[in-house]
Amino acid sequence: MILTYHNINFISKDENTVNVFFFIIHLLKIKFSNKKVVYLSEYDCNNKYHIVLRFDDVDKKTLHFVIPILKILKCPAEFFVVEEFVNSNNGYWADIDDLKNIVKNGHRIQYHSKSHKDLTQIQNEDELIKEITPPKFLCEIDPEGMKYFAYPFWVYNKHMVADLIKRYYAGALSGNGYADSSQYALDSIKMKNKVLYIK
């Protein structure tokens with residue numbers, strides 16, 4: 001099971017924001033359910049005990065809450081970043097120093113595209129390759145990362161995107177009804193601001 005988070009904050013302002021207390025409850029339920037939180041490189045979608053924690057887009061406020069909580073509860077996580085967000089220097093999105101801190105704390109950086117465009121709307125293959133190819137500076141931050149790709153908006157074109165993704169990545173993540181549970185469209189569950197139910 002791959003659990004996808006976007007924003008963690010005290011105030012749940014929209015459907016993408018999970019209250020920090022609910023987030024802690026989610027992790028505690030995982031711990032007490034004898035599940036094992038693993039990296040994507042260790043993940044077996046057929047193993048009912050495996051859990052991956054996935055964070056998309058990666059803003060500073062979320063990191064402020066998440067990194068200490070993950071450290072206390074000893075949970076590894078995967079952070080999927082957008083290159084243009086990292087380079088924005090607008091004080092909202094995680095920057096290079098934040099990404100280095102993520103890696104320093106034992107987590108991994110993965111790629112969520114160059115600009116977060118809907119890849120299924122890009123017809124030019126060269127432009128598509130630019131969107132999905134991780135830049136050198138991100139690869140250098142995390143030698144263990146940049147091996148998995150998360151499709152923006154969860155969507156992908158099976159005949160074009162998936163074939164290109166296979167050239168650059170060990171796997172890719174989808175979800176929200178679009179995944180086919182193959183290695184290049186692994187299913188993810190979008191986490192909401194409510195108690196997590198685990199079988």
# chains A, B, ... in the order shown; residues from 1 in each chain; ligands from 1
$ residues_around --residues "Lys192 (chain A)" --least-positions-apart "6" --cutoff "8 Å" --atoms "only C-alpha atoms" --output "PyMOL selection string"
chain A and resi 15-18
$ select_by_dssp --residues "chain A" --states "strand (DSSP E)" --output "ChimeraX atom specification"
/A:2-5,7-9,17-19,36-37,50-57,78-81,108-111,148-150,171-173,189-190
$ select_by_dssp --residues "region 75-172 of chain A" --states "alpha helix (DSSP H)" --output "PyMOL selection string"
chain A and resi 83-86+96-104+125-132+136-141+161-168
$ closest_residue --among "A:Val38, A:Ile11, A:Cys139, A:Val161" --to "Ile122 (chain A)" --atoms "only C-alpha atoms"
A:Val161
$ closest_residue --among "A:Tyr178, A:Phe137, A:Phe55, A:Tyr169" --to "Thr4 (chain A)" --atoms "only C-alpha atoms"
A:Phe55
$ closest_residue --among "A:Lys147, A:Arg108, A:His26, A:Lys194" --to "Ile132 (chain A)" --atoms "only C-alpha atoms"
A:Lys147
$ closest_residue --among "A:Asn105, A:Ser115, A:Asn193, A:Ser33" --to "Glu78 (chain A)" --atoms "only C-alpha atoms"
A:Asn105
$ closest_residue --among "A:Val155, A:Val66, A:Val52, A:Val103" --to "Phe23 (chain A)" --atoms "only C-alpha atoms"
A:Val66
$ atom_distance --atom1 "CA of Asn46 (chain A)" --atom2 "CA of Thr133 (chain A)"
28.6 Å
$ residues_around --residues "Trp154 (chain A)" --least-positions-apart "5" --cutoff "10 Å" --atoms "only C-alpha atoms" --output "PyMOL selection string"
chain A and resi 118-119+173-179+185+187-188
$ write_last_selection --atoms "C-alpha atoms" --output "compact mmCIF listing (two decimals), in the first residue's frame"
# COMPACT_ATOMS: atom_id res chain seq x y z
CA ASP A 118 -0.37 16.90 -17.56
CA LEU A 119 1.92 14.59 -19.55
CA LEU A 173 3.40 5.84 -9.45
CA SER A 174 -0.17 6.66 -10.32
CA GLY A 175 -3.41 6.24 -8.39
CA ASN A 176 -6.79 7.89 -7.90
CA GLY A 177 -8.39 5.36 -10.24
CA TYR A 178 -5.78 5.63 -13.00
CA ALA A 179 -3.26 3.02 -11.81
CA ALA A 185 1.67 2.55 -12.76
CA ASP A 187 -1.38 2.34 -7.24
CA SER A 188 -1.35 5.01 -4.53
$ atom_distance --atom1 "CA of Ile67 (chain A)" --atom2 "CA of His107 (chain A)"
9.1 Å
$ decode --residues "region 107-135 of chain A" --atoms "N, CA, C and O atoms" --output "short mmCIF file (atom, residue, chain, number, x, y, z; two decimals), in the first residue's frame"
data_model
loop_
_atom_site.label_atom_id
_atom_site.label_comp_id
_atom_site.auth_asym_id
_atom_site.auth_seq_id
_atom_site.Cartn_x
_atom_site.Cartn_y
_atom_site.Cartn_z
N HIS A 107 15.66 9.84 4.20
CA HIS A 107 14.58 9.69 3.23
C HIS A 107 15.12 9.81 1.81
O HIS A 107 16.30 10.09 1.62
N ARG A 108 14.25 9.63 0.83
CA ARG A 108 14.69 9.67 -0.56
C ARG A 108 13.92 10.70 -1.37
O ARG A 108 12.74 10.95 -1.12
N ILE A 109 14.66 11.27 -2.34
CA ILE A 109 14.07 12.24 -3.26
C ILE A 109 13.77 11.53 -4.57
O ILE A 109 14.64 10.85 -5.13
N GLN A 110 12.56 11.70 -5.06
CA GLN A 110 12.16 11.14 -6.36
C GLN A 110 11.60 12.27 -7.23
O GLN A 110 11.45 13.40 -6.76
N TYR A 111 11.28 11.95 -8.48
CA TYR A 111 10.92 13.00 -9.44
C TYR A 111 9.42 13.02 -9.75
O TYR A 111 8.80 11.98 -9.93
N HIS A 112 8.92 14.25 -9.83
CA HIS A 112 7.49 14.48 -10.09
C HIS A 112 7.31 15.40 -11.31
O HIS A 112 6.31 16.08 -11.42
N SER A 113 8.33 15.44 -12.15
CA SER A 113 8.36 16.17 -13.42
C SER A 113 9.04 17.53 -13.30
O SER A 113 9.29 18.01 -12.19
N LYS A 114 9.29 18.12 -14.45
CA LYS A 114 9.95 19.42 -14.50
C LYS A 114 9.02 20.55 -14.08
O LYS A 114 9.38 21.43 -13.32
N SER A 115 7.77 20.52 -14.58
CA SER A 115 6.87 21.65 -14.33
C SER A 115 5.47 21.26 -13.88
O SER A 115 4.61 22.13 -13.77
N HIS A 116 5.23 19.97 -13.64
CA HIS A 116 3.93 19.48 -13.17
C HIS A 116 2.83 19.64 -14.23
O HIS A 116 1.67 19.89 -13.91
N LYS A 117 3.19 19.49 -15.50
CA LYS A 117 2.18 19.50 -16.56
C LYS A 117 1.52 18.13 -16.67
O LYS A 117 2.08 17.12 -16.27
N ASP A 118 0.31 18.14 -17.24
CA ASP A 118 -0.37 16.90 -17.56
C ASP A 118 0.37 16.27 -18.74
O ASP A 118 0.31 16.77 -19.87
N LEU A 119 1.09 15.19 -18.51
CA LEU A 119 1.92 14.59 -19.55
C LEU A 119 1.11 14.04 -20.72
O LEU A 119 1.63 13.93 -21.83
N THR A 120 -0.14 13.70 -20.48
CA THR A 120 -0.96 13.15 -21.56
C THR A 120 -1.34 14.21 -22.58
O THR A 120 -1.81 13.88 -23.67
N GLN A 121 -1.13 15.49 -22.25
CA GLN A 121 -1.45 16.58 -23.17
C GLN A 121 -0.24 17.01 -24.00
O GLN A 121 -0.36 17.89 -24.86
N ILE A 122 0.91 16.41 -23.75
CA ILE A 122 2.13 16.77 -24.50
C ILE A 122 2.29 15.82 -25.67
O ILE A 122 2.46 14.61 -25.48
N GLN A 123 2.26 16.36 -26.89
CA GLN A 123 2.34 15.53 -28.09
C GLN A 123 3.76 15.38 -28.60
O GLN A 123 4.09 14.40 -29.26
N ASN A 124 4.61 16.35 -28.30
CA ASN A 124 5.99 16.33 -28.79
C ASN A 124 6.86 15.48 -27.87
O ASN A 124 6.95 15.73 -26.67
N GLU A 125 7.50 14.46 -28.43
CA GLU A 125 8.28 13.53 -27.61
C GLU A 125 9.48 14.20 -26.95
O GLU A 125 9.82 13.89 -25.81
N ASP A 126 10.13 15.13 -27.65
CA ASP A 126 11.28 15.83 -27.07
C ASP A 126 10.86 16.64 -25.84
O ASP A 126 11.57 16.68 -24.84
N GLU A 127 9.70 17.29 -25.94
CA GLU A 127 9.19 18.06 -24.80
C GLU A 127 8.83 17.13 -23.64
O GLU A 127 9.08 17.45 -22.48
N LEU A 128 8.28 15.99 -23.98
CA LEU A 128 7.92 15.02 -22.96
C LEU A 128 9.16 14.51 -22.23
O LEU A 128 9.17 14.40 -21.00
N ILE A 129 10.20 14.23 -22.97
CA ILE A 129 11.45 13.76 -22.37
C ILE A 129 12.02 14.82 -21.43
O ILE A 129 12.52 14.50 -20.34
N LYS A 130 11.93 16.09 -21.81
CA LYS A 130 12.40 17.17 -20.93
C LYS A 130 11.60 17.20 -19.63
O LYS A 130 12.14 17.51 -18.57
N GLU A 131 10.32 16.88 -19.71
CA GLU A 131 9.47 16.90 -18.52
C GLU A 131 9.78 15.76 -17.56
O GLU A 131 9.64 15.90 -16.35
N ILE A 132 10.19 14.62 -18.09
CA ILE A 132 10.34 13.45 -17.23
C ILE A 132 11.79 13.16 -16.83
O ILE A 132 12.02 12.34 -15.94
N THR A 133 12.76 13.81 -17.47
CA THR A 133 14.17 13.52 -17.18
C THR A 133 14.65 14.32 -15.98
O THR A 133 14.61 15.55 -15.99
N PRO A 134 15.13 13.66 -14.93
CA PRO A 134 15.56 14.39 -13.73
C PRO A 134 16.84 15.17 -13.99
O PRO A 134 17.75 14.66 -14.66
N PRO A 135 16.94 16.39 -13.48
CA PRO A 135 18.16 17.20 -13.68
C PRO A 135 19.32 16.67 -12.85
O PRO A 135 19.12 16.05 -11.79
#
